[in-house]
>>> print(open('target-v5.txt').read())   # compact mmCIF, C-alpha atoms
# COMPACT_ATOMS: atom_id res chain seq x y z
CA MET J 1 -19.22 21.54 0.06
CA PRO J 2 -20.72 22.15 3.50
CA ALA J 3 -18.13 22.68 6.18
CA ALA J 4 -19.53 19.76 8.19
CA ILE J 5 -18.57 17.34 5.43
CA ILE J 6 -14.94 17.47 6.49
CA PRO J 7 -14.63 16.85 10.25
CA PRO J 8 -12.59 19.59 11.96
CA ASP J 9 -10.40 17.10 13.79
CA VAL J 10 -8.74 15.78 10.63
CA ALA J 11 -4.98 16.16 10.97
CA VAL J 12 -3.33 17.81 7.99
CA SER J 13 0.13 16.64 8.96
CA ALA J 14 1.63 13.51 7.48
CA THR J 15 0.72 10.15 8.95
CA PRO J 16 3.35 9.08 11.53
CA LYS J 17 5.64 6.40 10.19
CA PRO J 18 5.72 3.12 12.10
CA ALA J 19 8.91 2.31 13.95
CA ALA J 20 11.33 0.26 11.86
CA LYS J 21 11.87 -3.34 12.80
CA SER J 22 15.26 -3.93 14.36
CA ALA J 23 15.73 -7.35 12.78
CA ARG J 24 14.03 -9.74 10.40
CA THR J 25 11.44 -11.85 12.18
CA ALA J 26 12.42 -15.50 12.11
CA SER J 27 10.23 -17.45 9.71
CA LYS J 28 8.55 -20.69 10.71
CA VAL J 29 8.85 -21.82 7.07
CA PRO J 30 12.34 -20.63 6.02
CA ALA J 31 12.42 -22.54 2.72
CA ALA J 32 9.19 -20.90 1.57
CA GLU J 33 10.36 -17.46 2.67
CA ASN J 34 13.73 -17.84 0.96
CA THR J 35 12.06 -19.00 -2.24
CA LEU J 36 9.95 -15.85 -2.27
CA ARG J 37 12.99 -13.70 -1.47
CA ILE J 38 14.82 -15.14 -4.48
CA LEU J 39 11.86 -14.47 -6.77
CA LYS J 40 11.55 -10.89 -5.50
CA LEU J 41 15.26 -10.32 -5.98
CA LEU J 42 15.19 -11.61 -9.57
CA ALA J 43 12.11 -9.49 -10.30
CA SER J 44 13.92 -6.37 -9.09
CA LYS J 45 16.89 -6.82 -11.45
CA ARG J 46 17.24 -5.77 -15.09
CA GLY J 47 18.67 -9.15 -16.09
CA PRO J 48 19.49 -12.69 -14.89
CA MET J 49 21.83 -13.29 -11.94
CA ALA J 50 24.46 -15.86 -11.04
CA ALA J 51 23.50 -18.16 -8.17
CA SER J 52 26.53 -16.99 -6.20
CA ASN J 53 25.38 -13.37 -6.48
CA ILE J 54 21.89 -14.36 -5.34
CA ALA J 55 23.35 -16.09 -2.29
CA THR J 56 25.52 -13.08 -1.44
CA SER J 57 22.70 -10.56 -1.94
CA LEU J 58 20.34 -12.47 0.34
CA GLY J 59 22.90 -13.75 2.85
CA LEU J 60 22.03 -17.38 2.16
CA PRO J 61 24.25 -20.49 1.88
CA ARG J 62 25.09 -21.27 -1.74
CA SER J 63 23.99 -24.88 -1.31
CA SER J 64 20.53 -23.75 -0.18
CA VAL J 65 20.24 -21.30 -3.08
CA TYR J 66 21.17 -23.97 -5.64
CA HIS J 67 18.64 -26.37 -4.12
CA LEU J 68 15.83 -23.80 -4.18
CA LEU J 69 16.69 -22.69 -7.71
CA GLY J 70 16.55 -26.31 -8.84
CA VAL J 71 13.03 -26.72 -7.47
CA MET J 72 11.90 -23.41 -8.97
CA GLU J 73 13.43 -24.32 -12.34
CA ALA J 74 11.60 -27.66 -12.35
CA ASN J 75 8.33 -25.78 -11.78
CA GLY J 76 9.00 -23.10 -14.37
CA PHE J 77 9.45 -20.16 -11.98
CA VAL J 78 13.09 -19.60 -12.93
CA LEU J 79 15.01 -20.26 -16.12
CA HIS J 80 18.65 -21.43 -16.07
CA LEU J 81 20.69 -19.85 -18.85
CA HIS J 82 23.43 -22.48 -19.16
CA GLU J 83 25.70 -20.47 -21.47
CA GLU J 84 25.73 -17.51 -19.06
CA GLN J 85 25.51 -19.56 -15.86
CA ARG J 86 22.77 -17.24 -14.65
CA TYR J 87 19.16 -17.52 -13.54
CA GLY J 88 16.22 -15.42 -14.66
CA LEU J 89 12.47 -15.50 -14.17
CA GLY J 90 10.58 -18.30 -15.93
CA ILE J 91 7.24 -18.61 -17.66
CA SER J 92 5.39 -19.53 -14.47
CA ALA J 93 6.44 -16.21 -12.92
CA PHE J 94 5.09 -14.45 -16.01
CA GLU J 95 1.81 -16.34 -15.67
CA LEU J 96 1.52 -15.09 -12.09
CA SER J 97 1.97 -11.55 -13.34
CA SER J 98 -0.73 -12.04 -15.97
CA ALA J 99 -3.08 -13.55 -13.39
CA TYR J 100 -2.48 -10.52 -11.15
CA SER J 101 -3.65 -8.24 -13.96
CA ARG J 102 -6.68 -10.41 -14.76
CA GLN J 103 -7.86 -10.41 -11.16
CA GLU J 104 -7.82 -6.58 -11.04
CA PRO J 105 -6.55 -6.35 -7.45
CA LEU J 106 -6.24 -2.56 -7.51
CA SER J 107 -9.87 -2.19 -8.52
CA ARG J 108 -11.07 -4.74 -5.98
CA LEU J 109 -9.06 -3.26 -3.11
CA GLY J 110 -9.60 0.35 -4.13
CA ARG J 111 -13.37 0.33 -4.62
CA PRO J 112 -14.39 -0.10 -0.93
CA MET J 113 -11.79 2.47 0.14
CA LEU J 114 -13.16 4.98 -2.36
CA ALA J 115 -16.71 4.24 -1.21
CA THR J 116 -15.70 5.07 2.36
CA LEU J 117 -13.98 8.25 1.19
CA VAL J 118 -17.13 9.31 -0.68
CA ASP J 119 -19.31 8.61 2.38
CA VAL J 120 -17.07 10.78 4.57
CA LEU J 121 -16.56 13.68 2.14
CA GLY J 122 -19.79 13.67 0.15
CA GLU J 123 -17.83 14.16 -3.08
CA SER J 124 -17.06 11.82 -6.00
CA ALA J 125 -13.79 9.87 -5.99
CA HIS J 126 -11.87 7.82 -8.53
CA LEU J 127 -8.82 5.62 -8.97
CA ALA J 128 -6.58 5.95 -12.03
CA VAL J 129 -3.40 4.35 -13.40
CA LEU J 130 -0.81 5.66 -15.84
CA HIS J 131 -1.19 4.43 -19.43
CA GLY J 132 1.49 5.95 -21.63
CA ARG J 133 1.10 9.72 -21.27
CA ASP J 134 -2.53 9.30 -20.22
CA VAL J 135 -4.27 8.30 -17.04
CA LEU J 136 -6.80 5.48 -17.32
CA TYR J 137 -9.66 5.52 -14.82
CA ILE J 138 -10.34 2.07 -13.35
CA VAL J 139 -12.78 2.88 -10.51
CA GLU J 140 -15.27 5.70 -10.00
CA GLU J 141 -17.47 6.14 -6.94
CA ARG J 142 -20.00 8.90 -7.54
CA ALA J 143 -21.36 10.80 -4.55
CA LYS J 144 -25.12 11.16 -4.12
CA ASN J 145 -26.63 14.27 -5.72
CA ARG J 146 -23.34 15.19 -7.37
CA PRO J 147 -23.08 15.79 -11.14
CA SER J 148 -21.64 13.13 -13.41
CA LEU J 149 -17.98 13.49 -14.38
CA VAL J 150 -15.90 12.64 -17.42
CA THR J 151 -13.68 10.41 -15.26
CA ASP J 152 -15.78 7.30 -15.78
CA VAL J 153 -14.26 3.81 -15.81
CA GLY J 154 -12.32 3.21 -19.03
CA VAL J 155 -11.86 6.90 -19.86
CA ARG J 156 -8.34 8.12 -20.68
CA LEU J 157 -7.18 11.72 -20.17
CA PRO J 158 -3.81 13.48 -20.63
CA SER J 159 -1.97 12.96 -17.35
CA HIS J 160 -0.47 16.46 -17.20
CA LEU J 161 -4.00 17.97 -17.12
CA THR J 162 -5.36 15.88 -14.25
CA ALA J 163 -4.68 15.79 -10.53
CA SER J 164 -4.41 11.98 -10.73
CA GLY J 165 -1.85 12.16 -13.50
CA ARG J 166 0.18 14.86 -11.79
CA ALA J 167 0.29 12.84 -8.56
CA ILE J 168 1.64 9.82 -10.46
CA LEU J 169 4.11 11.83 -12.55
CA ALA J 170 5.48 13.53 -9.43
CA ALA J 171 6.35 10.11 -7.99
CA LEU J 172 8.25 9.03 -11.12
CA PRO J 173 11.95 9.71 -11.74
CA LYS J 174 12.37 13.05 -13.52
CA SER J 175 14.15 11.32 -16.40
CA GLN J 176 11.08 9.20 -17.10
CA VAL J 177 8.77 12.22 -17.00
CA ARG J 178 11.06 13.93 -19.51
CA ALA J 179 10.92 10.85 -21.75
CA LEU J 180 7.11 10.96 -21.65
CA TYR J 181 7.11 14.66 -22.58
CA PRO J 182 9.97 15.12 -25.08
CA ASN J 183 8.52 18.15 -26.90
CA ALA J 184 5.66 20.66 -27.07
CA ALA J 185 3.54 18.27 -29.16
CA ALA J 186 3.17 16.02 -26.09
CA PHE J 187 1.09 18.69 -24.33
CA SER J 188 -2.58 19.03 -25.16
CA ALA J 189 -5.66 20.81 -23.78
CA ARG J 190 -9.24 19.52 -23.54
CA HIS J 191 -11.16 22.71 -24.26
CA GLU J 192 -10.78 26.39 -24.97
CA THR J 193 -9.55 27.09 -21.43
CA GLU J 194 -5.78 27.17 -21.77
CA SER J 195 -3.81 24.97 -19.40
CA PRO J 196 -0.95 26.59 -17.47
CA ILE J 197 1.14 23.52 -18.35
CA THR J 198 2.05 23.66 -22.04
CA LYS J 199 5.76 22.85 -21.94
CA TYR J 200 8.13 20.65 -19.95
CA SER J 201 9.59 23.45 -17.81
CA ALA J 202 6.11 24.35 -16.55
CA LEU J 203 5.30 20.68 -15.87
CA SER J 204 8.59 20.13 -14.04
CA SER J 205 8.03 23.19 -11.84
CA HIS J 206 4.47 22.09 -11.06
CA LEU J 207 5.58 18.56 -10.14
CA ASP J 208 8.17 20.01 -7.77
CA GLN J 209 5.30 21.69 -5.92
CA VAL J 210 3.36 18.41 -5.84
CA ARG J 211 6.35 16.61 -4.29
CA LEU J 212 6.75 19.37 -1.72
CA ARG J 213 3.18 19.30 -0.43
CA GLY J 214 2.50 15.58 -1.00
CA TYR J 215 -0.60 15.88 -3.18
CA ALA J 216 -1.64 17.19 -6.60
CA THR J 217 -4.40 19.58 -7.64
CA GLU J 218 -6.26 20.53 -10.80
CA HIS J 219 -8.37 23.65 -11.36
CA GLY J 220 -10.93 23.32 -14.15
CA GLU J 221 -8.50 22.02 -16.77
CA VAL J 222 -10.51 18.85 -17.38
CA THR J 223 -14.00 20.27 -16.81
CA PRO J 224 -14.49 24.02 -16.18
CA GLY J 225 -15.73 24.75 -12.67
CA PHE J 226 -14.50 21.46 -11.20
CA GLY J 227 -11.40 21.00 -9.07
CA SER J 228 -9.61 17.81 -8.05
CA ILE J 229 -7.13 16.70 -5.41
CA ALA J 230 -5.10 13.50 -5.80
CA ALA J 231 -2.37 11.48 -4.09
CA ALA J 232 -0.23 8.64 -5.41
CA VAL J 233 -0.55 4.97 -4.47
CA THR J 234 2.94 3.44 -4.36
CA ASP J 235 4.34 -0.09 -4.36
CA HIS J 236 7.07 -1.66 -2.20
CA ALA J 237 9.77 0.16 -4.16
CA GLY J 238 8.03 3.53 -3.92
CA TRP J 239 6.97 3.33 -7.57
CA PRO J 240 3.59 4.98 -8.36
CA THR J 241 1.02 2.30 -9.08
CA ALA J 242 -2.09 4.49 -9.21
CA ALA J 243 -3.64 7.65 -7.79
CA VAL J 244 -6.67 8.32 -5.60
CA ALA J 245 -8.53 11.53 -6.38
CA VAL J 246 -11.61 13.47 -5.29
CA THR J 247 -13.42 15.90 -7.64
CA PHE J 248 -15.77 18.70 -6.57
CA LEU J 249 -17.33 21.99 -7.65
CA GLU J 250 -14.70 24.61 -6.84
CA ASP J 251 -17.22 27.26 -5.81
CA LYS J 252 -18.54 24.89 -3.11
CA LEU J 253 -15.19 24.33 -1.40
CA PRO J 254 -13.33 27.29 0.15
CA ALA J 255 -9.61 27.34 -0.63
CA GLU J 256 -8.70 27.02 3.06
CA GLN J 257 -10.39 23.58 3.16
CA TRP J 258 -8.32 22.12 0.32
CA PRO J 259 -5.42 20.99 2.58
CA VAL J 260 -7.90 19.31 4.92
CA LEU J 261 -9.51 17.47 2.03
CA ALA J 262 -6.04 16.59 0.73
CA ALA J 263 -5.19 14.96 4.07
CA ARG J 264 -8.18 12.63 3.65
CA VAL J 265 -7.23 11.79 0.08
CA LYS J 266 -3.61 11.13 0.99
CA LYS J 267 -4.68 8.91 3.89
CA ALA J 268 -6.81 6.83 1.50
CA ALA J 269 -3.90 6.55 -0.95
CA ASP J 270 -1.51 5.51 1.83
CA ASP J 271 -4.01 2.92 3.08
CA LEU J 272 -4.29 1.43 -0.41
CA SER J 273 -0.48 1.43 -0.71
CA ALA J 274 -0.33 -0.60 2.52
CA ARG J 275 -2.95 -3.03 1.20
CA ILE J 276 -0.81 -3.84 -1.86
CA HIS J 277 2.28 -4.20 0.38
CA GLY J 278 3.61 -0.87 -0.79
CA ARG J 279 4.79 2.06 1.24
CA PRO J 280 3.16 5.46 1.76
CA SER J 281 4.33 8.26 -0.52
CA ALA J 282 6.55 10.93 1.01
>>> encode(input="target-v5.txt", output="structure tokens")
Amino acid sequence: MPAAIIPPDVAVSATPKPAAKSARTASKVPAAENTLRILKLLASKRGPMAASNIATSLGLPRSSVYHLLGVMEANGFVLHLHEEQRYGLGISAFELSSAYSRQEPLSRLGRPMLATLVDVLGESAHLAVLHGRDVLYIVEERAKNRPSLVTDVGVRLPSHLTASGRAILAALPKSQVRALYPNAAAFSARHETESPITKYSALSSHLDQVRLRGYATEHGEVTPGFGSIAAAVTDHAGWPTAAVAVTFLEDKLPAEQWPVLAARVKKAADDLSARIHGRPSA
């Protein structure tokens, strides 16, 4: 990649975090806001909750909580379990979740951001999500005059071999990564070039490095001669939703430019996190 592709004034340091708000901004529609707060609280729990616990958790009057729950129950957004005297999410909440998936918001929001990244860097970029132990590519923006890649939309690749997968895995709890990779049979290679990650201890050590520097890399383990840099897109709870990655010919990009390129990739991932009301990765 020509040196001019990456402007010299790109900061490699982490994006400054905005100052925290000192207090919740008063809502002009408190009933609507409190309804949404209740739904978000129920969605964050592993099981139904008692109305009194909901009121305590959110600092709301019990009478208001019961009134809002009644309206939500009538519209199918919560379900009252009479035997347990608890409330859980209803079918209408599930339908919202299904509609979210159908509308492909990550693809729609990510595509223009990737296009901008490709215009700036002159290299191909893609967006991937975790699917079991694989990453599934949902957007690819190919740079002009760059070779085609295997990371086309709909392609699945072993996550431990890819920069995108490593970025996502590094943002998961270690216990979940271990559950995904319980034994040596979970590790696979794509071609005759042996991957340096063939067992859990090697993967765990590599992911520690990813967490330390804030981005993941891959050196020819998917396609010989090609390198990739990726950063995780995270939701409001810091959970990895996807990863933004850029792929390039390794002999065209000097090693000293990788951190500069990584800063661009991480900025794009943080911007997409903000667009989905998430928070930037550490």
>>> atom_distance(input="target-v5.txt", atom1="atom CA of J:Leu172", atom2="atom CA of J:Ala243")
12.4 Å
>>> closest_atom_pairs(input="target-v5.txt", of="stretch 30-58 of chain J", to="stretch 231-237 of chain J", cutoff="12 Å", atoms="only C-alpha atoms", output="Markdown table")
| residue | atom | partner | partner_atom | distance |
| --- | --- | --- | --- | --- |
| J:Lys40 | CA | J:His236 | CA | 10.8 |
| J:Leu41 | CA | J:Ala237 | CA | 12.0 |
| J:Ala43 | CA | J:Ala237 | CA | 11.7 |
| J:Ser44 | CA | J:Ala237 | CA | 9.2 |
>>> atom_distance(input="target-v5.txt", atom1="atom CA of J:His80", atom2="atom CA of J:Pro30")
23.0 Å
>>> atom_distance(input="target-v5.txt", atom1="atom CA of J:Val135", atom2="atom CA of J:Thr217")
14.7 Å
>>> closest_residue(input="target-v5.txt", among="J:Leu79, J:Ile229, J:Val246, J:Leu203", to="J:Pro182", atoms="only C-alpha atoms")
J:Leu203
>>> closest_residue(input="target-v5.txt", among="J:His160, J:Arg111, J:Arg275, J:His219", to="J:Leu130", atoms="only C-alpha atoms")
J:His160
>>> closest_residue(input="target-v5.txt", among="J:Ser107, J:Ser63, J:Thr116, J:Asn75", to="J:Ala93", atoms="all atoms listed in the file")
J:Asn75
>>> closest_residue(input="target-v5.txt", among="J:Leu69, J:Ala128, J:Leu212, J:Val155", to="J:Ala230", atoms="only C-alpha atoms")
J:Ala128
>>> residues_around(input="target-v5.txt", residues="J:Gly110", least_positions_apart="4", cutoff="12 Å", atoms="all atoms listed in the file", output="count of residues only")
32
>>> residues_around(input="target-v5.txt", residues="J:Gln85", least_positions_apart="6", cutoff="12 Å", atoms="only C-alpha atoms", output="list in words")
Pro48, Met49, Ala50, Ala51, Ser52, Asn53, Tyr66 and Leu79 of chain J
>>> residues_near_point(input="target-v5.txt", point="(-12.1, 22.6, -15.2)", cutoff="10 Å", atoms="all atoms listed in the file", output="VMD selection string")
chain J and resid 161 to 162 190 to 191 193 195 218 to 228 249 to 250
>>> closest_residue(input="target-v5.txt", among="J:Ser92, J:Ser148, J:Ser159, J:Ser57", to="J:Met72", atoms="only C-alpha atoms")
J:Ser92
>>> closest_residue(input="target-v5.txt", among="J:Ala186, J:Ala143, J:Ala179, J:Ile197", to="J:Leu121", atoms="only C-alpha atoms")
J:Ala143
